[in-house]
Structure formats: C-alpha cells, structure tokens
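Visitor: Structure below; questions to follow.
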Amino acid sequence: MIHLPVIPAAKDRDFQLPENPPTEDYHEILDELERDGEIIVQRVPEPYIEVKTKFGRIKKIPVEKTWHHKSCGQCGHIPGYSTSIFWLNRQLGLDYMDPKDQTSCTAWNYYASATSNPEAQAAVAIRNFATAYETGYYPLIHCGTSFGHYKEVRQALIHYPELRDKVRKIMAKLGKKLVIPEEIVHYSEWVYAMRDRIKERQVVDMSQITATVHPACHYHKLIEEDAIYTPEIYGAQRTAIITGVLQELGINVADYSTWFDCCGFGFRHILVSRDFSRSFSVQRKIEVMMEEANPDITVTHDTGCVTTLDQSQFAAKAHGKKVGLPVLSDSQIAALAMGAHPYKVLQMHWHNTDNTRFLAKLGLDPDEKWREFEASVARLQDGSKQYLTWEDVE
Amino acid sequence: MGLDLSTRQYDKVPYEEKERLFEEVKADMRYQDHALYGCYECGICVAACPSARFYDFSPRVIAQAAAREDVDLMYILMNDSIWDCSQCFSCDRCPRHNSPGMLITIMREVAVRNGLGTAKEALEGYGRIIYKIMSTGTQVSPDMLQPNAFPDWGGHVHDIAENLDVWRRALPPETLHTTETGWEVSDKTIIELYLIWHMTGVMDMIEEIDEGLYDILVDVMEERLEEAGYDDVSF
C-alpha cells in the first residue's frame with residue numbers, strides 16, 4: 001500500500017517564504033553598477049515606507065517629493081484617475097511635481113505594434129528617469145504598463161552592457177545621465193503604503209459596499225519580482241495592493257474565480273480589434289464577477305484595465321449579457337472615501353457604466369453632485385473663469 | 001477559420017528567407033537570456049492566455065516551434081499568429097521561466113523591421129496611434145474619443161466629444177487642459193523624443209511598415225528639429 005501525504009486545503013495552509021529568493025536582487029546589481037561608475041542610482045527620498053515584495057525583499061515607497069509619471073490613457077480618457085492621485089497628495093499635505101517634461105513610456109504602442117526596439121524603449125525610459133533626477137523628485141509611475149515595461153527596461157539595462165553603452169551615448173547627446181531609480185514604484189503601491197493615513201481622513205462610510213478586485217497583468221505578472229505581497233492578504237498568494245486599501249476603508253472584498261485573468265485590453269486589440277477585448281472582458285471578468293460575487297463595484301489599478309472593463313459593457317447590453325458593474329481605480333475610491341467630489345475630482349462622467357446607484361448606496365446624491373459640477377462648468381462657459389483650479393474643488 | 005499550420009500557403013517563400021528571419025529573432029539579445037529556456041509542454045501558458053480562449057492561438061506552439069528551431073513553422077507563426085497575442089504576459093507563469101510574450105515581442109519586431117505583408121495588415125488602422133505617440137509624446141489623446149471611432153462604447157463618447165473643451169478646462173491639474181495630447185508636453189521634451197526615434201532606428205521601422213506615415217512624420221519632425229537647431233539630422 002502506498003501512503004500518500006495528506007496536504008491541507010489551500011485556505012488552511014500557512015504561507016512560507018522561500019529561504020532564498022529564486023530571483024536575483026536587482027538592488028545589489030544596481031549598487032554594483034553605480035560603484036563601477038556605469039549608472040547613477042536615484043535613491044528613494046526620506047521619509048519612505050517599507051513594504052515586502054513577492055519573495056520577501058524590502059521595497060521602499062516614497063511618501064512625498066514624487067515626480068508624477070503620468071499615463072496617457074488615464075490623462076486622455078479617464079482623467080479623474082490621475083486627478084484623484086494628485087488630489088490625495090494635496091489633501092495629505094505632500095510635496096509633489098506634475099511635470100511637463102515627461103513623455104509617455106510609449107509601451108502601449110510598443111506592445112501593440114512593435115514599431116520600436118529595446119534601445120528606443122530604454123532611451124525613452126531613461127530620459128524620463130534622468131529628467132526626474134534633475135529635479136530631485138522621485139518617479140511615481142501612474143500606469144501599470146509603464147511600471148511593468150520600465151521593470152523590463154531595468155532588467156535589460158542591468159544585463160546587457162552593450163545596451164547601457166548605446167543608451168549612455170543617446171543620453172549624452174541629450175545632455176542627460178544614465179539614471180535608474182533604486183525602486184520602480186507604481187502609484188497604487190503608494191496608495192497601499194498610505195492606506196492608514198487615508199483611513200484616518202475617511203469621511204464616507206463604505207462598510208456597506210462589496211467590491212471585486214482586478215490586479216493588472218503588467219503589475220504582477222510582467223517581471224513579478226517587485227510587486228507587493230503580504231501574508232495578511234490572500235496568504236501572500238496574490239498581490240496585496242488594492243485589496244489592502246479597500247479592506248482598510250471597510251469595503252467587503254469578494255472573491256471570484258477568474259481573478260488571475262487579463263482584462264482583455266490587448267494593446268492593439270482595444271484600438272483596432274475590439275471584438276476580442278469586449279468578449280473577453282465581459283465573459284471572463286464582468287459576468288463572472290456579477291454571477292459569483294454580485295459586487296457594487298470593481299476596482300483596479302491600471303489604465304487599460306479601467307478602460308476595457310468599463311467601456312466593454314455598453315455593447316454587451318445588446319446581447320443580454322449580465323453587465324452594469326461600475327469600474328473605478330483604487331485612487332478614485334480612496335479619494336471618494338476622503339470626501340472628494342465624484343465629478344469635480346473623480347470625473348466619473350468620463351466613465352461609461354452607470355455609477356449613480358453606487359454613489360447613492362454611499363449616501364451621496366448623484367443628481368445634486370452633477371448639478372454642482374454643471375454649475376462650475378457654467379462659469380467656464382460664460383467666460384467668468386478660464387479653468388477650474390484646485391481651489392475650486394478642495 | 002483556424003490557424004493553418006501546414007506549410008502550403010508559404011511554399012513559395014524560399015527556406016533561406018524563412019531561416020534568415022528566424023536567425024534575426026535568435027540574434028536578439030533577449031532571446032536566449034530571457035525568452036526561452038525549453039518547454040515542459042505542460043500548457044500552463046495556454047491556460048493563462050486570454051488570446052487562446054478567443055483565437056486559434058497558442059503561446060505553447062510558439063515556444064515549442066522556437067525551441068525545436070522549426071524554421072517553416074516559425075515563419076507561419078510570425079505571419080499568422082503573433083498579432084493575436086494580448087501582450088499581457090500571463091504566460092510568464094511558465095514553470096521553465098520562458099516568456100512566450102517576450103518571444104512574440106521579438107518576433108513582431110522582426111516582422112515589422114522586415115516589412116512583412118501580414119504585419120502591415122495587422123497594423124492597418126493603427127497608423128494614427130503611431131503618429132500620435134511618435135509626434136506628440138503621448139499616445140492617447142482626449143480628441144480621439146469620437147463616436148465614429150468608438151461606436152461600441154455608446155452615447156457617452158458623444159457626450160465627451162461634444163463637451164471636450166469645457167470638460168478639459170474643468171480639470172484641476174493645469175497639465176491636463178489639453179485636447180490633442182494626454183497632457184501638456186514641453187517643446188524641448190518633444191525634440192528630445194524625436195532625437196531618440198532618429199538615433200535608435202525607429203524611423204526606419206516605420207518606413208518599412210507604412211511609407212505614407214513615415215513621410216508625414218518626417219515632415220513634422222524635420223520642421224521642429226530644424227527650428228530647434230538640429231539641421232544636420234537627416235532621415
């Protein structure tokens with residue numbers, strides 16, 4: 001008779017970090033390259049908050065003096081996403097910079113069309129990093145794809161001397177240095193690290209809300225090494241960000257079976273082949289969430305995921321699909337919890353799926369809030385103001 | 001229709017040409033170091049792949065074709081399969097630490113650099129996006145939200161297009177008042193971006209894939225570069 005070992009169910013197992021992380025420590029390689037005079041490492045400014053990544057290493061998350069590397073998809077099509085990140089910084093009294101000398105990472109185009117190459121992609125990344133370094137502010141990356149791609153660029157630069165040589169020469173022509181940040185930090189990591197301070201300022205009760213979470217592929221799959229994990233959340237079997245923030249705010253985070261699946265964005269597909277994006281996001285994500293968890297909202301942390309999950313639901317209605325689930329980012333939820341205006345700050349009118357029931361469940365009157373926004377817009381239309389400013393929305 | 005893995009449709013392409021393209025894939029510095037270590041044929045990459053659920057597409061077939069150095073099959077896949085990939089990198093959970101997603105990135109670059117007809121077909125309609133990112137430094141702009149471009153996104157796109165100017169001016173961050181770019185990008189930054197495209201051979205790739213787009217970009221860039229004092233930059 002063969003005696004097989006009895007293995008407890010996954011929910012009863014304790015998470016054990018490996019004694020030796022299975023991946024190289026990029027911190028050590030960056031330090032070595034700096035000692036050799038090959039690169040400049042921009043250090044995370046103090047004060048910072050320490051968190052743990054997938055294999056138990058420490059990652060430093062800057063609290064302030066952040067250089068906001070904006071996302072073209074967020075700024076262009078869902079501008080309340082980035083506005084909420086800035087609003088949180090302002091409400092928490094933190095010093096930050098919103099630069100005009102930043103380009104997109106250009107990775108959306110790269111993953112969509114391949115009309116670029118490693119040298120160009122690395123040069124675009126390092127030009128942005130070097131520009132941030134010159135200001136003394138530290139890069140905080142808004143887009144999940146920028147975050148993932150910059151980790152790819154870091155990996156390539158630390159392994160290929162010939163790539164470093166090429167990029168160094170290009171930077172010399174631009175009058176810049178080859179600078180690599182000590183940590184590549186995604187904004188949602190900052191929201192996660194700041195969750196206790198956000199909780200302290202929470203004014204909207206969210207305890208009656210049930211949410212599902214979609215972690216972005218390019219956050220936790222593309223160079224998995226430096227995404228945040230903690231045994232307290234999912235037993236460290238999934239990344240802790242978003243969920244950690246929502247739970248801190250009192251939201252019930254409900255599980256669903258296709259949590260690992262992509263949103264269906266596809267880069268090329270969302271722009272010129274949306275039959276794939278629509279079908280996948282509705283059938284593998286939204287409908288599964290609705291059937292298994294019946295949430296009030298789904299929360300994610302990347303440009304493409306918010307876009308695809310939200311915009312795909314309109315056409316699916318015509319096919320009788322079970323849709324109608326509002327989609328927001330963690331930055332918007334955190335801002336809403338702290339009392340941000342749903343239209344003046346969160347800019348929820350740029351989102352597609354009806355979110356008025358969600359607002360009403362929070363005790364906010366969507367009609368009244370919309371009238372307030374329209375009154376502000378009327379001042380722009382009648383010429384009494386050219387722009388709304390932070391003072392108008394704080 | 002499913003993916004035709006027989007070699008019939010590409011019989012007339014000389015084996016040497018297929019081999020040359022595969023050698024170009026293998027010569028990429030990322031190929032041996034990070035993209036491909038071997039294959040257990042376990043299918044985990046396929047199970048995690050969104051494109052495999054929708055198309056007749058398999059990251060496993062691509063990894064195996066590369067590992068076996070099957071020149072004919074790699075040519076078929078480079079033409080008829082790689083553009084279905086979502087580039088989400090869900091396949092990176094491979095227990096052999098392969099990255100079929102990265103392998104496909106490399107294959108796509110080779111397809112573009114060599115101006116394959118199937119790459120041109122796959123990127124039809126995508127030229128305006130390439131133009132936007134290369135000429136402005138931001139890829140997605142508010143003015144792209146037009147009902148004729150996104151009819152399946154419903155009436156809310158119409159609302160945004162109709163109110164675009166005033167809704168952008170209602171955004172509190174001053175960098176976001178733009179309509180033609182995602183945010184305000186300084187002239188100096190745009191010039192630096194153009195120099196990067198020029199110095200890294202990206203313009204040559206664009207010429208291979210879309211000559212008309214290349215000509216338009218050259219016009220835009222040359223004028224701005226000349227104004228900035230870069231007269232010696234030739235495309």
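Ordered as shown in the structure tokens, chains take letters A, B, and onward, while each chain numbers its residues from 1 and ligands are numbered from 1 in the order shown.
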For Tyr137 in chain A, list every protein, DNA or RNA residue within 12 Å, evaluated using only C-alpha atoms, and leave out those in the same chain fewer than 4 positions away; present the list as a PDB file with N, CA and C atoms, in the first residue's frame.
Guide:
ATOM      1  N   GLN A  42      19.128  56.691  -8.535  1.00  0.00           N
ATOM      2  CA  GLN A  42      18.383  57.692  -7.765  1.00  0.00           C
ATOM      3  C   GLN A  42      17.788  57.008  -6.542  1.00  0.00           C
ATOM      4  N   ARG A  43      18.149  57.495  -5.362  1.00  0.00           N
ATOM      5  CA  ARG A  43      17.705  56.868  -4.115  1.00  0.00           C
ATOM      6  C   ARG A  43      16.317  57.351  -3.737  1.00  0.00           C
ATOM      7  N   VAL A  44      15.544  56.452  -3.135  1.00  0.00           N
ATOM      8  CA  VAL A  44      14.211  56.812  -2.662  1.00  0.00           C
ATOM      9  C   VAL A  44      14.371  57.856  -1.560  1.00  0.00           C
ATOM     10  N   PRO A  45      13.712  59.007  -1.697  1.00  0.00           N
ATOM     11  CA  PRO A  45      13.905  60.060  -0.684  1.00  0.00           C
ATOM     12  C   PRO A  45      13.230  59.705   0.633  1.00  0.00           C
ATOM     13  N   GLU A  46      13.782  60.188   1.713  1.00  0.00           N
ATOM     14  CA  GLU A  46      13.123  60.027   3.015  1.00  0.00           C
ATOM     15  C   GLU A  46      12.076  61.119   3.161  1.00  0.00           C
ATOM     16  N   PRO A  62       8.290  55.904  -1.535  1.00  0.00           N
ATOM     17  CA  PRO A  62       8.431  57.300  -1.080  1.00  0.00           C
ATOM     18  C   PRO A  62       7.087  57.873  -0.645  1.00  0.00           C
ATOM     19  N   VAL A  63       7.117  58.683   0.397  1.00  0.00           N
ATOM     20  CA  VAL A  63       5.886  59.328   0.865  1.00  0.00           C
ATOM     21  C   VAL A  63       5.618  60.584   0.036  1.00  0.00           C
ATOM     22  N   GLU A  64       6.660  61.389  -0.162  1.00  0.00           N
ATOM     23  CA  GLU A  64       6.476  62.635  -0.927  1.00  0.00           C
ATOM     24  C   GLU A  64       7.715  62.936  -1.759  1.00  0.00           C
ATOM     25  N   LYS A  65       7.812  64.163  -2.258  1.00  0.00           N
ATOM     26  CA  LYS A  65       8.851  64.536  -3.231  1.00  0.00           C
ATOM     27  C   LYS A  65       8.768  63.599  -4.443  1.00  0.00           C
ATOM     28  N   THR A  66       7.541  63.337  -4.894  1.00  0.00           N
ATOM     29  CA  THR A  66       7.324  62.410  -6.004  1.00  0.00           C
ATOM     30  C   THR A  66       7.137  63.168  -7.318  1.00  0.00           C
ATOM     31  N   TRP A  67       7.734  62.608  -8.368  1.00  0.00           N
ATOM     32  CA  TRP A  67       7.660  63.143  -9.747  1.00  0.00           C
ATOM     33  C   TRP A  67       6.657  62.280 -10.482  1.00  0.00           C
ATOM     34  N   HIS A  68       5.512  62.842 -10.805  1.00  0.00           N
ATOM     35  CA  HIS A  68       4.398  62.020 -11.274  1.00  0.00           C
ATOM     36  C   HIS A  68       4.502  61.713 -12.762  1.00  0.00           C
ATOM     37  N   HIS A  69       4.883  60.484 -13.025  1.00  0.00           N
ATOM     38  CA  HIS A  69       4.990  59.977 -14.391  1.00  0.00           C
ATOM     39  C   HIS A  69       3.582  59.582 -14.823  1.00  0.00           C
ATOM     40  N   ASP A  95       4.400  67.121  -0.757  1.00  0.00           N
ATOM     41  CA  ASP A  95       5.076  67.820  -1.844  1.00  0.00           C
ATOM     42  C   ASP A  95       5.185  66.877  -3.052  1.00  0.00           C
ATOM     43  N   TYR A  96       4.765  67.356  -4.225  1.00  0.00           N
ATOM     44  CA  TYR A  96       4.879  66.524  -5.425  1.00  0.00           C
ATOM     45  C   TYR A  96       5.090  67.412  -6.640  1.00  0.00           C
ATOM     46  N   MET A  97       5.470  66.789  -7.757  1.00  0.00           N
ATOM     47  CA  MET A  97       5.663  67.543  -9.002  1.00  0.00           C
ATOM     48  C   MET A  97       4.869  66.884 -10.136  1.00  0.00           C
ATOM     49  N   ASP A  98       4.132  67.722 -10.885  1.00  0.00           N
ATOM     50  CA  ASP A  98       3.384  67.261 -12.058  1.00  0.00           C
ATOM     51  C   ASP A  98       4.095  67.828 -13.284  1.00  0.00           C
ATOM     52  N   PRO A  99       5.048  67.077 -13.851  1.00  0.00           N
ATOM     53  CA  PRO A  99       5.957  67.654 -14.858  1.00  0.00           C
ATOM     54  C   PRO A  99       5.362  67.798 -16.255  1.00  0.00           C
ATOM     55  N   ASN A 128      13.140  59.984 -19.211  1.00  0.00           N
ATOM     56  CA  ASN A 128      12.197  60.371 -18.161  1.00  0.00           C
ATOM     57  C   ASN A 128      12.838  60.271 -16.778  1.00  0.00           C
ATOM     58  N   PHE A 129      13.544  59.169 -16.517  1.00  0.00           N
ATOM     59  CA  PHE A 129      14.176  58.990 -15.195  1.00  0.00           C
ATOM     60  C   PHE A 129      15.205  60.098 -14.942  1.00  0.00           C
ATOM     61  N   ALA A 130      16.012  60.388 -15.962  1.00  0.00           N
ATOM     62  CA  ALA A 130      17.052  61.414 -15.791  1.00  0.00           C
ATOM     63  C   ALA A 130      16.428  62.783 -15.550  1.00  0.00           C
ATOM     64  N   THR A 131      15.311  63.041 -16.219  1.00  0.00           N
ATOM     65  CA  THR A 131      14.624  64.329 -16.044  1.00  0.00           C
ATOM     66  C   THR A 131      14.090  64.448 -14.615  1.00  0.00           C
ATOM     67  N   ALA A 132      13.534  63.360 -14.105  1.00  0.00           N
ATOM     68  CA  ALA A 132      13.074  63.371 -12.708  1.00  0.00           C
ATOM     69  C   ALA A 132      14.248  63.596 -11.764  1.00  0.00           C
ATOM     70  N   TYR A 133      15.351  62.909 -12.014  1.00  0.00           N
ATOM     71  CA  TYR A 133      16.541  63.005 -11.159  1.00  0.00           C
ATOM     72  C   TYR A 133      17.047  64.439 -11.078  1.00  0.00           C
ATOM     73  N   PRO A 181      16.208  54.496 -11.161  1.00  0.00           N
ATOM     74  CA  PRO A 181      15.753  54.640  -9.773  1.00  0.00           C
ATOM     75  C   PRO A 181      16.032  53.375  -8.955  1.00  0.00           C
TER      76      PRO A 181
END
Visitor: If we count only C-alpha atoms and set the cut-off at 7 Å, which residues sit around Ala170 in chain B, ignoring sequence neighbours fewer than 2 positions away in its own chain? Please answer as an mmCIF file with N, CA and C atoms, in the first residue's frame.
Guide:
data_model
loop_
_atom_site.group_PDB
_atom_site.id
_atom_site.type_symbol
_atom_site.label_atom_id
_atom_site.label_comp_id
_atom_site.auth_asym_id
_atom_site.auth_seq_id
_atom_site.Cartn_x
_atom_site.Cartn_y
_atom_site.Cartn_z
ATOM 1 N N VAL A 377 -19.008 74.225 -14.324
ATOM 2 C CA VAL A 377 -18.744 74.273 -15.764
ATOM 3 C C VAL A 377 -19.386 75.516 -16.381
ATOM 4 N N TYR A 387 -10.337 78.328 -16.335
ATOM 5 C CA TYR A 387 -10.113 76.950 -15.897
ATOM 6 C C TYR A 387 -10.632 76.782 -14.474
ATOM 7 N N LEU A 388 -11.012 75.555 -14.113
ATOM 8 C CA LEU A 388 -11.209 75.256 -12.699
ATOM 9 C C LEU A 388 -9.842 74.952 -12.103
ATOM 10 N N VAL B 166 -14.652 72.167 -22.731
ATOM 11 C CA VAL B 166 -15.005 72.700 -21.407
ATOM 12 C C VAL B 166 -14.740 71.666 -20.306
ATOM 13 N N TRP B 167 -14.942 70.401 -20.613
ATOM 14 C CA TRP B 167 -14.640 69.377 -19.591
ATOM 15 C C TRP B 167 -13.144 69.279 -19.324
ATOM 16 N N ARG B 168 -12.328 69.524 -20.357
ATOM 17 C CA ARG B 168 -10.878 69.517 -20.112
ATOM 18 C C ARG B 168 -10.483 70.732 -19.277
ATOM 19 N N PRO B 172 -8.775 70.136 -12.620
ATOM 20 C CA PRO B 172 -7.921 70.996 -11.794
ATOM 21 C C PRO B 172 -6.418 70.931 -12.084
#
Visitor: Select residues of chain B: the criterion is any atom within 6 Å of an atom of chain A, counting only C-alpha atoms; output as a list in words.
Guide: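 Listed by rising number, the hits are Ser86, Cys88, Phe89, Arg108, Glu109, Gly137, Thr138, Gln139, Val140, Ser141, Pro142, Asp152, Trp153, Arg169, Ala170, Pro172, Gly182, Glu184, Val185, Ser186, Thr189, Thr200 and Val202 of chain B.
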Visitor: Please run DSSP on the backbone and report, as a VMD selection string, all residues within range 29-159 of chain B that come out as helix (DSSP H, G or I).
Guide: chain B and resid 29 to 35 44 to 48 50 to 54 59 to 67 71 to 80 82 to 84 90 to 93 100 to 113 117 to 122 127 to 136 142 to 144 151 to 153 155 to 159
Visitor: List the neighbours of Pro366 in chain A out to 10 Å using only C-alpha atoms; skip same-chain residues closer than 5 positions along the sequence, and give me the result as a list in words.
Guide: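 Contacts, in chain order: Pro342, Tyr343, Asn355, Thr356, Arg357, Phe358, Leu359, Ala360, Arg371 and Glu372 of chain A.
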Visitor: Convert the current residue selection to file output with N, CA and C atoms, as a tab-separated table (two decimals), in the first residue's frame.
Guide:
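For reference, selection_25.tsv as written:
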chain	number	residue	atom	x	y	z
A	342	PRO	N	-17.42	63.53	-6.63
A	342	PRO	CA	-17.41	62.46	-7.64
A	342	PRO	C	-17.25	62.96	-9.08
A	343	TYR	N	-17.62	64.20	-9.34
A	343	TYR	CA	-17.48	64.71	-10.72
A	343	TYR	C	-16.36	65.73	-10.84
A	355	ASN	N	-22.85	54.67	-12.74
A	355	ASN	CA	-22.31	54.55	-11.39
A	355	ASN	C	-23.16	55.28	-10.36
A	356	THR	N	-24.36	55.71	-10.75
A	356	THR	CA	-25.18	56.51	-9.82
A	356	THR	C	-25.71	55.66	-8.66
A	357	ARG	N	-26.02	54.39	-8.92
A	357	ARG	CA	-26.50	53.53	-7.82
A	357	ARG	C	-25.41	53.33	-6.77
A	358	PHE	N	-24.18	53.21	-7.25
A	358	PHE	CA	-23.05	53.05	-6.33
A	358	PHE	C	-22.92	54.30	-5.44
A	359	LEU	N	-23.02	55.48	-6.06
A	359	LEU	CA	-22.93	56.72	-5.28
A	359	LEU	C	-24.08	56.81	-4.28
A	360	ALA	N	-25.28	56.44	-4.73
A	360	ALA	CA	-26.44	56.53	-3.84
A	360	ALA	C	-26.29	55.59	-2.65
A	371	ARG	N	-25.32	68.46	-10.52
A	371	ARG	CA	-25.72	69.89	-10.62
A	371	ARG	C	-24.58	70.79	-10.14
A	372	GLU	N	-23.89	70.37	-9.08
A	372	GLU	CA	-22.76	71.17	-8.57
A	372	GLU	C	-21.65	71.26	-9.63
Visitor: As a PyMOL selection string, please: the residues near Ile104 in chain B (cut-off 9 Å, only C-alpha atoms, same-chain neighbours under 6 positions excluded).
Guide: chain B and resi 59+62+78+82-83+85+87
Visitor: How about saving the chosen residues, N, CA and C atoms kept, as a PDB file, in the first residue's frame?
Guide:
ATOM      1  N   PRO B  59       0.478  30.143 -27.123  1.00  0.00           N
ATOM      2  CA  PRO B  59       1.861  30.507 -26.784  1.00  0.00           C
ATOM      3  C   PRO B  59       2.760  29.279 -26.691  1.00  0.00           C
ATOM      4  N   ILE B  62       4.150  28.381 -30.078  1.00  0.00           N
ATOM      5  CA  ILE B  62       5.207  29.333 -30.467  1.00  0.00           C
ATOM      6  C   ILE B  62       6.507  29.013 -29.727  1.00  0.00           C
ATOM      7  N   MET B  78       4.975  33.651 -37.400  1.00  0.00           N
ATOM      8  CA  MET B  78       5.353  35.069 -37.482  1.00  0.00           C
ATOM      9  C   MET B  78       4.390  35.843 -38.382  1.00  0.00           C
ATOM     10  N   ILE B  82       1.190  35.711 -34.366  1.00  0.00           N
ATOM     11  CA  ILE B  82       1.730  36.562 -33.297  1.00  0.00           C
ATOM     12  C   ILE B  82       0.896  37.813 -33.031  1.00  0.00           C
ATOM     13  N   TRP B  83       0.158  38.294 -34.032  1.00  0.00           N
ATOM     14  CA  TRP B  83      -0.592  39.533 -33.818  1.00  0.00           C
ATOM     15  C   TRP B  83      -1.861  39.302 -33.014  1.00  0.00           C
ATOM     16  N   CYS B  85      -1.675  37.846 -30.084  1.00  0.00           N
ATOM     17  CA  CYS B  85      -1.212  37.904 -28.682  1.00  0.00           C
ATOM     18  C   CYS B  85      -1.669  39.201 -28.022  1.00  0.00           C
ATOM     19  N   GLN B  87      -0.231  40.434 -25.298  1.00  0.00           N
ATOM     20  CA  GLN B  87       0.936  41.032 -24.628  1.00  0.00           C
ATOM     21  C   GLN B  87       0.659  41.344 -23.154  1.00  0.00           C
TER      22      GLN B  87
END
Visitor: Report, in Å with one decimal, the straight-line distance from CA of Lys285 in chain A to CA of Thr258 in chain A.
Guide: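 Answer for the CA of Lys285 in chain A to CA of Thr258 in chain A separation: 6.5 Å.
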Visitor: Just give me the gap between CA of Tyr234 in chain A and CA of Val6 in chain A in Å, one decimal is fine.
Guide: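 Rounded to one decimal, the two atoms are 22.1 Å apart.
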Visitor: Can you tell me, as an NGL selection string, which residues in range 41-252 of chain A count as strand (DSSP E or B) by DSSP?
Guide: :A and (41-42 or 48-53 or 58-62 or 66-69 or 96-97 or 138-141 or 179-181 or 186 or 210-214 or 228 or 252)
Visitor: When you draw a straight line from CA of Leu225 in chain B to CA of Lys188 in chain B, how long is it in Å?
Guide: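 Between CA of Leu225 in chain B and CA of Lys188 in chain B the gap is 10.0 Å.
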Visitor: Which neighbours of Asp231 in chain B fall inside 12 Å, counting only C-alpha atoms, when residues of the same chain fewer than 6 positions from it are skipped, and could you give them as an mmCIF file with N, CA and C atoms, in the first residue's frame?
Guide:
data_model
loop_
_atom_site.group_PDB
_atom_site.id
_atom_site.type_symbol
_atom_site.label_atom_id
_atom_site.label_comp_id
_atom_site.auth_asym_id
_atom_site.auth_seq_id
_atom_site.Cartn_x
_atom_site.Cartn_y
_atom_site.Cartn_z
ATOM 1 N N LEU B 195 14.699 63.010 -31.336
ATOM 2 C CA LEU B 195 16.106 62.604 -31.472
ATOM 3 C C LEU B 195 16.264 61.126 -31.106
ATOM 4 N N MET B 221 8.632 66.172 -38.025
ATOM 5 C CA MET B 221 9.831 66.154 -37.187
ATOM 6 C C MET B 221 10.919 67.076 -37.732
ATOM 7 N N GLU B 222 11.142 67.038 -39.050
ATOM 8 C CA GLU B 222 12.216 67.853 -39.621
ATOM 9 C C GLU B 222 12.009 69.320 -39.316
ATOM 10 N N GLU B 223 10.765 69.762 -39.426
ATOM 11 C CA GLU B 223 10.469 71.172 -39.181
ATOM 12 C C GLU B 223 10.788 71.550 -37.730
ATOM 13 N N ARG B 224 10.331 70.715 -36.810
ATOM 14 C CA ARG B 224 10.567 71.009 -35.390
ATOM 15 C C ARG B 224 12.061 70.917 -35.045
ATOM 16 N N LEU B 225 12.731 69.906 -35.635
ATOM 17 C CA LEU B 225 14.157 69.744 -35.343
ATOM 18 C C LEU B 225 14.972 70.899 -35.907
#
